[in-house]
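Colleague: Before anything else, here's the structure in question.
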Protein chains: 4
Amino acid sequence: MSDAPKKVVLAYSGGLDTSIILKWLQTEYGCEVITFTADLGQGEELEPARAKAELLGINPENIHIVDVREEFVRDFVFPMFRANAVYEGLYLLGTSIARPLISKHLVEIAHQHGADAVAHGATGKGNDQVRFELSALALDPSIRVIAPWREWNLNSRTSLIEFAEQNQIPIAKNKRGEAPFSVDANLLHTSSEGTVLEDPAVEAPDYVAQRIVAVEDAPNEPEFIEVTFERGDAVAINGEALSPATILTRLNEIGGKHGVGLLDFVENRFVGMKSRGVYETPGGTILLEAHRGIEQITLDSGAGHLKDSIMPRYAELIYNGFWFSPEREALQALIDKTQEHVTGTVKLKLYKGSVRTVARWSDHSLYSEKHVTFEDDAGAYDQKDAAGFIRLNALRLKLIAARNARVK
Amino acid sequence: MSDAPKKVVLAYSGGLDTSIILKWLQTEYGCEVITFTADLGQGEELEPARAKAELLGINPENIHIVDVREEFVRDFVFPMFRANAVYEGLYLLGTSIARPLISKHLVEIAHQHGADAVAHGATGKGNDQVRFELSALALDPSIRVIAPWREWNLNSRTSLIEFAEQNQIPIAKNKRGEAPFSVDANLLHTSSEGTVLEDPAVEAPDYVAQRIVAVEDAPNEPEFIEVTFERGDAVAINGEALSPATILTRLNEIGGKHGVGLLDFVENRFVGMKSRGVYETPGGTILLEAHRGIEQITLDSGAGHLKDSIMPRYAELIYNGFWFSPEREALQALIDKTQEHVTGTVKLKLYKGSVRTVARWSDHSLYSEKHVTFEDDAGAYDQKDAAGFIRLNALRLKLIAARNARVK
Amino acid sequence: MSDAPKKVVLAYSGGLDTSIILKWLQTEYGCEVITFTADLGQGEELEPARAKAELLGINPENIHIVDVREEFVRDFVFPMFRANAVYEGLYLLGTSIARPLISKHLVEIAHQHGADAVAHGATGKGNDQVRFELSALALDPSIRVIAPWREWNLNSRTSLIEFAEQNQIPIAKNKRGEAPFSVDANLLHTSSEGTVLEDPAVEAPDYVAQRIVAVEDAPNEPEFIEVTFERGDAVAINGEALSPATILTRLNEIGGKHGVGLLDFVENRFVGMKSRGVYETPGGTILLEAHRGIEQITLDSGAGHLKDSIMPRYAELIYNGFWFSPEREALQALIDKTQEHVTGTVKLKLYKGSVRTVARWSDHSLYSEKHVTFEDDAGAYDQKDAAGFIRLNALRLKLIAARNARVK
Amino acid sequence: MSDAPKKVVLAYSGGLDTSIILKWLQTEYGCEVITFTADLGQGEELEPARAKAELLGINPENIHIVDVREEFVRDFVFPMFRANAVYEGLYLLGTSIARPLISKHLVEIAHQHGADAVAHGATGKGNDQVRFELSALALDPSIRVIAPWREWNLNSRTSLIEFAEQNQIPIAKNKRGEAPFSVDANLLHTSSEGTVLEDPAVEAPDYVAQRIVAVEDAPNEPEFIEVTFERGDAVAINGEALSPATILTRLNEIGGKHGVGLLDFVENRFVGMKSRGVYETPGGTILLEAHRGIEQITLDSGAGHLKDSIMPRYAELIYNGFWFSPEREALQALIDKTQEHVTGTVKLKLYKGSVRTVARWSDHSLYSEKHVTFEDDAGAYDQKDAAGFIRLNALRLKLIAARNARVK
């Protein structure tokens, strides 16, 4: 098959599905496979992935296991949180934001090995295929992307298991039956979808949540924490300076303990249908609330309202897979420009599923007690100015009212 | 004083401040005063306002006490909630949305009595003066609006009390000292601001919250409710059809009991400074969550993302006082057009401060289990289509990447 | 072939390409073909299309030749012009807006005949395939759309001519060679692209323009015309009330004579590449200028700026083929709401390629000479109001400046 | 008058009105006056302003005459043109963009001299007062701004002339009567408004245009020019590298000769009323067309459509006087980010009032003849991809259509 790829870099989790893909690439194309396994904070040991790749015949030099947690939070999660990005009002984009990072590494490893293709394990119905592929092609327009789920005929659980058995791929016992739902996890969130979640009229079973305690089991005492920001990024918790990934890890622990960040959601996929997912984003939910809290005193209305107005477009771009696109980068330039003074500390209260800002302070604050006070303001503000302000704002409305009265 | 107004319709609460205004209008201008007292669901008896107005010499025919609760929810609150409107990410606009309604009635009563002016008790530092006056002038460009707080010299608590004493205005005992904070309430929310809340770095005292129980005191058992929508408006709770104001009243009771809807917030006022407020919006918080829940299955991404993108502008208009403006009305036409199929039921879980959608169903649902399933979809969706979809979406990104490689 | 369509409604121009498609459908699928030929104002006789269809064996009852000019202008062109829609700053969307109309008729005729498919002659590289197919599927989700250019192997001029010769399809002499460029025309515009136009660095030859005289050949005397609008739509020229299609026809004559409306343009196609076209839109260019002129005095800044801000999105939707979509319809509701008072008359000067508004008047005018005059305004406007207006607008800027000075 | 300013920097043109202001400041406040006269390319000798200021008693060290043309074009005009900014569809913001530059210099000179105030000659009805004052206060929140037109009682031509005569201010003969209209000019444009232009239903007299020949008098031969851009800014004309101000000067000459850039316009002022002006922007009109032309081949649709969507907001900010604001700066960051590859050359045709792009080329071009050709594309593009692209774009429309059919 002259058209077959020669060397393929595969996004490899070490699980059953990507092991099957690995073997399928070898058998279908007769190509050399290079594996990339990322520690994105999904909370699983990665060394078993190495062992399994070796077992499947991958040359040790072709096995890449990389801890990308700091890069993930610093270069992807934090820039996104500067925008207060939420998709369709509620979803914090936990899966969406990880995909371009993975593609970036796939392409880099491909260049390093002189590989002509990359491969991923996303299906043809979801958004992830789009995110993987747009990112890879934006970084290397000549790279080939292989999506086995769209190519092969292993379209049932049974045929996958058969293929695994025929190819000596180890199968964990609990993988033989159909999974009750499908999971994706990284440092920002855990998502669950499919099977028992497919009917949005039926409540998600309790066992779906994996990272956040049930609110009923959360502590009976509230916890207060302080998050400090510099130029829009969290840099410390309770006064302790921490790296980006450490901050998100800590916030996950705190949020998870208090039942914060659970979302049951029906969303619009880029590929055209609706899907229902359960998202757990404990640390991200705290981070969003805290970031909004610090912006309240450090960002003025002009920059703030501008950010709010472009946020839905920004979130949509990330959701749809356009992280590496001129328009996302241009929006990021706008957002980053607004964050120059988003520096200060927010105090938050966590309790049984909710997180609320209760206080905030900053050297960069624009809040002026002198101007807002009901008491004597020592001339900071002349109430008579408001009369002129209102009269000129009203002028066009008066002209409209007079016109409408005239022509009706 | 030839320039003095002859007849003034005053937005009169029956409290000390508007009683002082009433008397000041009589003495300053020698004009006839007509009072308008609205039952907006603020939870106070209104008949004492009648007695007090009579005591201050108002002719009984000049006293208007009107229950506007249904009008408020039907014509103002519900249209706004169709947009999922939040100001600066978090504020549900509870005060902002009530002001145009009051102005509308002031102007109507003015026309009825042949009055040449209306008056309100808002200060010269806040947004409410703007909202009252823009609304009044948009409805009658020739009406005069009197804002005594911007005109008189009663600028301290002491001078107000003195004026009251000199003019035989009854003073409740607890009004002699300085209030610890200032309150506005209606069926949608209660807001508190000023004095003990003026420093945003200091947590609000517990006694500020008046309508929502402390989350720690909320029931230890969650409560599940179902809210039914028709064309974007809530029409039933737990299957019981209810009027707009009754629905909001019930949701307030349920939310208040579970500690839902408390917000500590620093916002940007239209007049240019930041202020800090504590907002309690129990029913509105549930309603927003429920409306988002039903839109998840009944609104497609095209209409939904469009709504999201214009929402910040819409909310800003309401906040700034432009309810009666061509641009708010044009945005409303857009929003209402999207709500034609926003019909169905949402199930929500309330527990100690949080409210979450857990299920939703509708005859108008766009959710297609057939399309989204991981299982055999009987040909509803051809995964191979995704390859072409991605390739054409990627085309411009590839051309950009090739160009950038070429010129660098 | 059990999967073959039984009856297909073909968008049939009577030209060589769609005649080949007609025959190909018959031979490839053995299906019954129904033809739809629309008079969109393209300026060609349509009866020859009937004769040719009959010659190709189409049953006379299966031949539909329909004059859709009034529908086109009234229901498609005029609603779009209410928005001042231009794509990428310059293109008046002349091709884009005609496609949904054609699909609407194809689907209606399919329902009338019980046909199971529609077919069009657009290639797989352009936008028109998208516009035809999205429109058809939005109107009938179960209809099948056949795009022969994406299916067959007649991929060169030579193979097309061979197919035509083998199938006794008459070939006009000038069609044997390669056309110097490809043309689409309707009442709104004529577009030319391809071949001699493919290099955007090379000027378009003079012979490309077919509808507009060369500016050098336009009259040496300017012409003045008056266009009257009602609720955003043109209704009269020089005081003479005319139907929508007649108005556009007249404006085309006037504009064409004066060399108005020629555009040489490189645009971004929805399918991902750039293309270069020459567009002639004489009447539309006048109409856009006139509509802007009447809006200048009848629309206030709130509604006007809102319209301006959503226009690019609206134009993009039409360009991309989403005329029949909830988001286009919601935007139309917004736009139409703003046009309620866009009524009045504009005077325009046409001269050698340019059209300019020189005067405008309306009973619905919001222009107030009394307010704007440099002379005594009799108290209409108090200049002192501006001081308060500016001071409150400046307040946040002052707070920012003070903050920035403090922290730097 | 203890409240009186001590030293005032006046924006001084040398004309009658600002000479009266100069004298009024001296007599009203007894303050020291410092004059700032800018060469913005208005085309007038500035040395007479020096002589006149000296005659009015200004200390030579207090007279500042500065050539700011390069700064004006480089730091204000060019950044604005990167955005293709037009206000209300047509106005190129020629006056608006000059005001912040003047305020910047006023504030800098004030700091240099230890002055406590700045003053300008704009009236209380227009936008310029807002632009001057917002800019000054954004740069120095403690500066005082004096607007004599809002303070004094010289509200008729007669009283101004009287004041001038009483104060030995020289009066040019043609200034004794009422001017037929009011003019503002700089390198970007000349604007005329007032008096003979006040009725928008009456055509502007021919003598209003001062900078652009009547189209009828323009050459009978078209002229072709090439404008070269680097990163969004014009850098050369016909291959000759030129400074920013020189480029704009040359384009003004070329455009003026060919009658390009005349606009008769009714606009919405920020202060609430409509006004009518005649704007002449010969070079700017060419520059806008050329910039759009080069963006057509160098900017992709993602960045381009994003820019288009925020442009109206950006233009509104400049028009309203918010050049020095966080939101304008954030938008500028976005715009500038998109210009990194806007490099190349545009060929334009000028003829009797019109300017049109006829060709464009660039090393940074994204145009791919290989992809767009009707001919054999050697596999660059697979037309079959379009089928999948369309099917997935259609999916939600089909689901909507099926839903709507079901519930109706």
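Numbering starts fresh at 1 for the residues of each chain in the structure tokens, the chains themselves are lettered A, B, ... in the order given, and ligands are numbered from 1 as they appear.
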Can you check which residues of chain B have any atom within 8 Å of chain C? Use only C-alpha atoms and format it as number ranges by chain.
Modeller: B: 271-273, 300, 302-303, 306, 325-327, 329-335, 337-338, 392-396
Colleague: Name all residues at most 8 Å from A:Thr228 (count only C-alpha atoms; drop same-chain ones fewer than 2 positions away) and give them as an NGL selection string.
Modeller: :A and (226 or 230 or 234-239 or 343-346)
Colleague: Given identical sequences, what C-alpha RMSD separates chain A from chain C after least-squares superposition over all Cα in order?
Modeller: 0.0 Å
Colleague: Under the rule that only C-alpha atoms are counted, which of C:Leu187, C:Gly94, C:Gln112, C:Ser135 is the nearest residue to C:Asp39?
Modeller: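 Checking each candidate against C:Asp39, we get C:Leu187 as the closest.
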Colleague: Hey, what's within 8 Å of stretch 10-13 of chain B if we count only C-alpha atoms and toss same-chain stuff fewer than 3 positions away? As a PyMOL selection string, please?
Modeller: chain B and resi 18-19+22+33-38+49+102+106+118-121
Colleague: Of the candidates D:Phe78, D:Gly57, D:Asp17, D:Asn127, which shows the shortest atom-to-atom distance to D:Asn155, using only C-alpha atoms?
Modeller: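 Closest residue, counting only C-alpha atoms: D:Asp17.
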Colleague: Tell me, as a list in words, which residues lie within 7 Å of C:Thr298, counting only C-alpha atoms; anything in the same chain fewer than 2 positions away does not count.
Modeller: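 Listed by chain and then number, they are Ile294, Glu295, Gln296, Asp300, His341, Val342, His364, Ser365 and Leu366 of chain C.
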Colleague: Could you tell me, as a ChimeraX atom specification, which residues of stretch 300-389 of chain A DSSP assigns to alpha helix (DSSP H) when given the backbone?
Modeller: /A:301-320,326-338,369-372,384-389
Colleague: Any chance you can output those residues with N, CA and C atoms as a short mmCIF file (atom, residue, chain, number, x, y, z; two decimals), in the first residue's frame?
Modeller:
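Everything below was put into selection02.cif:
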```cif
data_model
loop_
_atom_site.label_atom_id
_atom_site.label_comp_id
_atom_site.auth_asym_id
_atom_site.auth_seq_id
_atom_site.Cartn_x
_atom_site.Cartn_y
_atom_site.Cartn_z
N SER A 301 -15.25 49.22 33.73
CA SER A 301 -16.41 48.74 32.97
C SER A 301 -16.11 48.67 31.47
N GLY A 302 -15.30 49.57 30.96
CA GLY A 302 -15.02 49.56 29.53
C GLY A 302 -14.35 48.27 29.10
N ALA A 303 -13.27 47.93 29.77
CA ALA A 303 -12.56 46.69 29.43
C ALA A 303 -13.40 45.48 29.83
N GLY A 304 -14.07 45.57 30.96
CA GLY A 304 -14.84 44.43 31.45
C GLY A 304 -16.00 44.08 30.52
N HIS A 305 -16.75 45.07 30.11
CA HIS A 305 -17.89 44.79 29.25
C HIS A 305 -17.42 44.32 27.87
N LEU A 306 -16.32 44.87 27.41
CA LEU A 306 -15.76 44.39 26.14
C LEU A 306 -15.40 42.91 26.24
N LYS A 307 -14.69 42.55 27.30
CA LYS A 307 -14.36 41.13 27.51
C LYS A 307 -15.61 40.26 27.55
N ASP A 308 -16.61 40.70 28.31
CA ASP A 308 -17.85 39.92 28.40
C ASP A 308 -18.46 39.71 27.02
N SER A 309 -18.39 40.75 26.18
CA SER A 309 -19.08 40.65 24.89
C SER A 309 -18.38 39.71 23.92
N ILE A 310 -17.07 39.56 24.05
CA ILE A 310 -16.39 38.66 23.12
C ILE A 310 -16.19 37.27 23.72
N MET A 311 -16.45 37.11 24.99
CA MET A 311 -16.20 35.82 25.63
C MET A 311 -16.93 34.65 24.96
N PRO A 312 -18.24 34.78 24.65
CA PRO A 312 -18.90 33.63 24.03
C PRO A 312 -18.22 33.16 22.74
N ARG A 313 -17.75 34.12 21.94
CA ARG A 313 -17.06 33.76 20.69
C ARG A 313 -15.75 33.04 21.01
N TYR A 314 -15.03 33.55 22.00
CA TYR A 314 -13.76 32.95 22.41
C TYR A 314 -13.98 31.51 22.89
N ALA A 315 -14.98 31.32 23.73
CA ALA A 315 -15.27 29.99 24.26
C ALA A 315 -15.68 29.04 23.13
N GLU A 316 -16.46 29.54 22.22
CA GLU A 316 -16.89 28.73 21.08
C GLU A 316 -15.70 28.28 20.26
N LEU A 317 -14.75 29.18 20.05
CA LEU A 317 -13.55 28.81 19.29
C LEU A 317 -12.79 27.68 19.96
N ILE A 318 -12.65 27.76 21.27
CA ILE A 318 -11.93 26.70 21.99
C ILE A 318 -12.72 25.40 21.92
N TYR A 319 -14.02 25.51 22.14
CA TYR A 319 -14.86 24.32 22.08
C TYR A 319 -14.77 23.64 20.72
N ASN A 320 -14.78 24.47 19.66
CA ASN A 320 -14.80 23.92 18.30
C ASN A 320 -13.43 23.45 17.80
N PRO A 326 -5.84 32.22 13.98
CA PRO A 326 -5.57 33.66 14.11
C PRO A 326 -6.61 34.37 14.96
N GLU A 327 -7.86 33.95 14.87
CA GLU A 327 -8.90 34.68 15.60
C GLU A 327 -8.82 34.41 17.10
N ARG A 328 -8.46 33.17 17.50
CA ARG A 328 -8.29 32.92 18.93
C ARG A 328 -7.10 33.72 19.44
N GLU A 329 -6.05 33.76 18.67
CA GLU A 329 -4.86 34.49 19.11
C GLU A 329 -5.12 36.00 19.18
N ALA A 330 -5.91 36.51 18.26
CA ALA A 330 -6.23 37.94 18.31
C ALA A 330 -7.10 38.24 19.54
N LEU A 331 -8.07 37.37 19.81
CA LEU A 331 -8.89 37.57 21.00
C LEU A 331 -8.04 37.46 22.27
N GLN A 332 -7.08 36.54 22.24
CA GLN A 332 -6.20 36.40 23.41
C GLN A 332 -5.40 37.68 23.63
N ALA A 333 -4.96 38.30 22.55
CA ALA A 333 -4.22 39.57 22.69
C ALA A 333 -5.09 40.61 23.37
N LEU A 334 -6.34 40.66 22.98
CA LEU A 334 -7.29 41.59 23.62
C LEU A 334 -7.43 41.26 25.10
N ILE A 335 -7.69 40.00 25.39
CA ILE A 335 -7.92 39.59 26.78
C ILE A 335 -6.68 39.86 27.62
N ASP A 336 -5.53 39.46 27.12
CA ASP A 336 -4.31 39.64 27.91
C ASP A 336 -4.05 41.12 28.19
N LYS A 337 -4.36 41.96 27.21
CA LYS A 337 -4.17 43.41 27.40
C LYS A 337 -5.00 43.90 28.59
N THR A 338 -6.19 43.32 28.78
CA THR A 338 -7.05 43.78 29.88
C THR A 338 -6.59 43.30 31.25
N GLU A 369 -13.94 54.29 47.75
CA GLU A 369 -14.92 54.48 48.81
C GLU A 369 -15.34 55.95 48.89
N LYS A 370 -14.36 56.81 48.62
CA LYS A 370 -14.59 58.25 48.65
C LYS A 370 -15.72 58.65 47.67
N HIS A 371 -15.74 58.00 46.49
CA HIS A 371 -16.74 58.38 45.50
C HIS A 371 -18.10 57.78 45.79
N VAL A 372 -18.13 56.60 46.36
CA VAL A 372 -19.39 55.88 46.44
C VAL A 372 -20.14 56.15 47.73
N LYS A 384 -24.72 67.24 41.13
CA LYS A 384 -25.37 68.00 40.05
C LYS A 384 -24.87 67.57 38.67
N ASP A 385 -23.67 67.03 38.59
CA ASP A 385 -23.18 66.52 37.30
C ASP A 385 -24.13 65.48 36.71
N ALA A 386 -24.77 64.74 37.61
CA ALA A 386 -25.65 63.67 37.12
C ALA A 386 -26.81 64.22 36.31
N ALA A 387 -27.25 65.43 36.64
CA ALA A 387 -28.38 66.01 35.90
C ALA A 387 -28.00 66.18 34.43
N GLY A 388 -26.83 66.74 34.17
CA GLY A 388 -26.39 66.92 32.80
C GLY A 388 -26.15 65.59 32.10
N PHE A 389 -25.56 64.67 32.84
CA PHE A 389 -25.31 63.33 32.30
C PHE A 389 -26.62 62.69 31.83
#
```
Colleague: Skip D:Pro60 itself and residues of its chain fewer than 6 positions away, then list as a count of residues only all residues within 9 Å of it, counting only C-alpha atoms.
Modeller: 3
Colleague: Considering only strand (DSSP E or B) as DSSP defines it on the backbone, what residues of stretch 201-332 of chain D qualify? List them as a list of chain:residue names.
Modeller: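 Everything in stretch 201-332 of chain D that counts as strand (DSSP E or B) is D:Glu223, D:Phe224, D:Ile225, D:Glu226, D:Val227, D:Thr228, D:Phe229, D:Glu230, D:Asp233, D:Ala234, D:Val235, D:Ala236, D:Ile237, D:Glu240, D:Ala241, D:Leu262, D:Leu263, D:Asp264, D:Phe265, D:Val266, D:Glu267, D:Asn268, D:Lys274, D:Ser275, D:Arg276, D:Gly277, D:Val278, D:Tyr279, D:Glu280.
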Colleague: Store the residues of this selection in a file with N, CA, C and O atoms, as a tab-separated table (two decimals), in the first residue's frame.
Modeller:
```tsv
chain	number	residue	atom	x	y	z
D	223	GLU	N	-6.19	57.41	-13.28
D	223	GLU	CA	-4.80	57.28	-12.83
D	223	GLU	C	-4.69	55.98	-12.03
D	223	GLU	O	-5.59	55.63	-11.27
D	224	PHE	N	-3.61	55.26	-12.22
D	224	PHE	CA	-3.38	54.03	-11.47
D	224	PHE	C	-2.22	54.25	-10.51
D	224	PHE	O	-1.19	54.81	-10.90
D	225	ILE	N	-2.39	53.85	-9.27
D	225	ILE	CA	-1.28	53.94	-8.32
D	225	ILE	C	-1.14	52.62	-7.57
D	225	ILE	O	-2.08	51.82	-7.51
D	226	GLU	N	0.05	52.42	-7.03
D	226	GLU	CA	0.29	51.23	-6.21
D	226	GLU	C	0.67	51.67	-4.80
D	226	GLU	O	1.53	52.53	-4.62
D	227	VAL	N	-0.01	51.09	-3.83
D	227	VAL	CA	0.29	51.39	-2.43
D	227	VAL	C	0.80	50.11	-1.78
D	227	VAL	O	0.18	49.05	-1.90
D	228	THR	N	1.94	50.23	-1.10
D	228	THR	CA	2.55	49.06	-0.45
D	228	THR	C	2.37	49.16	1.06
D	228	THR	O	2.53	50.23	1.64
D	229	PHE	N	2.03	48.03	1.66
D	229	PHE	CA	1.79	47.95	3.10
D	229	PHE	C	2.80	47.04	3.77
D	229	PHE	O	3.25	46.05	3.18
D	230	GLU	N	3.13	47.38	5.02
D	230	GLU	CA	3.87	46.46	5.88
D	230	GLU	C	3.15	46.37	7.20
D	230	GLU	O	2.92	47.40	7.85
D	233	ASP	N	0.36	48.90	7.74
D	233	ASP	CA	0.57	50.33	7.51
D	233	ASP	C	1.12	50.58	6.11
D	233	ASP	O	1.99	49.84	5.65
D	234	ALA	N	0.65	51.64	5.49
D	234	ALA	CA	1.19	52.02	4.18
D	234	ALA	C	2.62	52.50	4.34
D	234	ALA	O	2.92	53.28	5.25
D	235	VAL	N	3.50	52.02	3.48
D	235	VAL	CA	4.91	52.40	3.58
D	235	VAL	C	5.48	52.95	2.27
D	235	VAL	O	6.56	53.52	2.26
D	236	ALA	N	4.76	52.76	1.17
D	236	ALA	CA	5.30	53.24	-0.11
D	236	ALA	C	4.16	53.50	-1.09
D	236	ALA	O	3.10	52.87	-1.02
D	237	ILE	N	4.42	54.45	-1.99
D	237	ILE	CA	3.51	54.72	-3.09
D	237	ILE	C	4.29	54.57	-4.38
D	237	ILE	O	5.39	55.13	-4.51
D	240	GLU	N	7.93	53.91	-4.03
D	240	GLU	CA	8.79	54.85	-3.31
D	240	GLU	C	8.46	54.83	-1.82
D	240	GLU	O	7.33	55.15	-1.42
D	241	ALA	N	9.44	54.46	-1.01
D	241	ALA	CA	9.23	54.42	0.45
D	241	ALA	C	9.09	55.83	0.98
D	241	ALA	O	9.88	56.72	0.62
D	262	LEU	N	-15.40	62.63	-1.06
D	262	LEU	CA	-16.38	63.61	-0.61
D	262	LEU	C	-17.58	62.88	0.00
D	262	LEU	O	-18.11	61.96	-0.59
D	263	LEU	N	-17.99	63.33	1.19
D	263	LEU	CA	-19.10	62.67	1.88
D	263	LEU	C	-20.05	63.72	2.44
D	263	LEU	O	-19.62	64.61	3.17
D	264	ASP	N	-21.33	63.57	2.11
D	264	ASP	CA	-22.37	64.40	2.71
D	264	ASP	C	-23.12	63.50	3.67
D	264	ASP	O	-23.69	62.49	3.26
D	265	PHE	N	-23.15	63.87	4.95
D	265	PHE	CA	-23.45	62.86	5.97
D	265	PHE	C	-24.26	63.46	7.11
D	265	PHE	O	-23.98	64.57	7.57
D	266	VAL	N	-25.24	62.69	7.57
D	266	VAL	CA	-25.93	63.04	8.83
D	266	VAL	C	-25.55	61.98	9.85
D	266	VAL	O	-25.74	60.79	9.61
D	267	GLU	N	-24.98	62.42	10.97
D	267	GLU	CA	-24.45	61.48	11.95
D	267	GLU	C	-25.10	61.68	13.31
D	267	GLU	O	-25.71	62.72	13.58
D	268	ASN	N	-24.94	60.70	14.16
D	268	ASN	CA	-25.43	60.79	15.54
D	268	ASN	C	-24.29	61.24	16.44
D	268	ASN	O	-23.33	60.51	16.64
D	274	LYS	N	-28.58	64.72	16.18
D	274	LYS	CA	-28.00	64.45	14.87
D	274	LYS	C	-27.41	65.74	14.31
D	274	LYS	O	-27.92	66.83	14.58
D	275	SER	N	-26.37	65.62	13.50
D	275	SER	CA	-25.86	66.79	12.81
D	275	SER	C	-25.47	66.39	11.41
D	275	SER	O	-25.25	65.22	11.12
D	276	ARG	N	-25.39	67.40	10.55
D	276	ARG	CA	-25.03	67.14	9.15
D	276	ARG	C	-23.70	67.80	8.85
D	276	ARG	O	-23.49	68.96	9.22
D	277	GLY	N	-22.85	67.04	8.20
D	277	GLY	CA	-21.55	67.58	7.85
D	277	GLY	C	-21.16	67.18	6.45
D	277	GLY	O	-21.70	66.22	5.88
D	278	VAL	N	-20.22	67.94	5.89
D	278	VAL	CA	-19.61	67.54	4.63
D	278	VAL	C	-18.15	67.25	4.94
D	278	VAL	O	-17.46	68.09	5.51
D	279	TYR	N	-17.72	66.05	4.61
D	279	TYR	CA	-16.37	65.62	4.93
D	279	TYR	C	-15.59	65.39	3.64
D	279	TYR	O	-16.08	64.73	2.73
D	280	GLU	N	-14.37	65.86	3.64
D	280	GLU	CA	-13.48	65.60	2.49
D	280	GLU	C	-12.28	64.82	3.01
D	280	GLU	O	-11.51	65.34	3.81
```
Colleague: Report, in Å with one decimal, the straight-line distance from atom CA of B:His258 to atom CA of B:Lys349.
Modeller: 10.3 Å
Colleague: Atom CA of C:Pro100 and atom CA of A:Gly126, how far apart in Å?
Modeller: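 One can read the atom CA of A:Gly126 to atom CA of C:Pro100 distance as 29.2 Å.
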Colleague: To one decimal in Å, tell me the separation between atom CA of D:Arg74 and atom CA of D:Ala245.
Modeller: 7.5 Å
Colleague: Got a sec: who's within 8 Å of A:Pro222, counting only C-alpha atoms, leaving out chain neighbours fewer than 2 positions off, as a PDB file with N, CA and C atoms, in the first residue's frame?
Modeller:
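Result file around-v1.pdb:
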```pdb
ATOM      1  N   PRO A 219     -18.219  18.537  54.098  1.00  0.00           N
ATOM      2  CA  PRO A 219     -18.121  18.934  55.512  1.00  0.00           C
ATOM      3  C   PRO A 219     -19.271  19.855  55.921  1.00  0.00           C
ATOM      4  N   ASN A 220     -19.642  19.755  57.187  1.00  0.00           N
ATOM      5  CA  ASN A 220     -20.710  20.612  57.678  1.00  0.00           C
ATOM      6  C   ASN A 220     -20.230  22.016  58.036  1.00  0.00           C
ATOM      7  N   PHE A 224     -12.880  28.750  54.294  1.00  0.00           N
ATOM      8  CA  PHE A 224     -12.548  30.006  53.628  1.00  0.00           C
ATOM      9  C   PHE A 224     -11.134  29.918  53.073  1.00  0.00           C
ATOM     10  N   LYS A 349     -15.707  31.602  50.132  1.00  0.00           N
ATOM     11  CA  LYS A 349     -16.332  30.683  51.077  1.00  0.00           C
ATOM     12  C   LYS A 349     -16.815  29.451  50.320  1.00  0.00           C
ATOM     13  N   LEU A 350     -16.373  28.272  50.774  1.00  0.00           N
ATOM     14  CA  LEU A 350     -16.819  27.025  50.149  1.00  0.00           C
ATOM     15  C   LEU A 350     -17.706  26.280  51.121  1.00  0.00           C
ATOM     16  N   TYR A 351     -18.823  25.793  50.625  1.00  0.00           N
ATOM     17  CA  TYR A 351     -19.720  25.072  51.523  1.00  0.00           C
ATOM     18  C   TYR A 351     -20.704  24.230  50.733  1.00  0.00           C
ATOM     19  N   LYS A 352     -20.604  22.946  50.878  1.00  0.00           N
ATOM     20  CA  LYS A 352     -21.602  22.005  50.353  1.00  0.00           C
ATOM     21  C   LYS A 352     -22.051  22.327  48.917  1.00  0.00           C
TER      22      LYS A 352
END
```
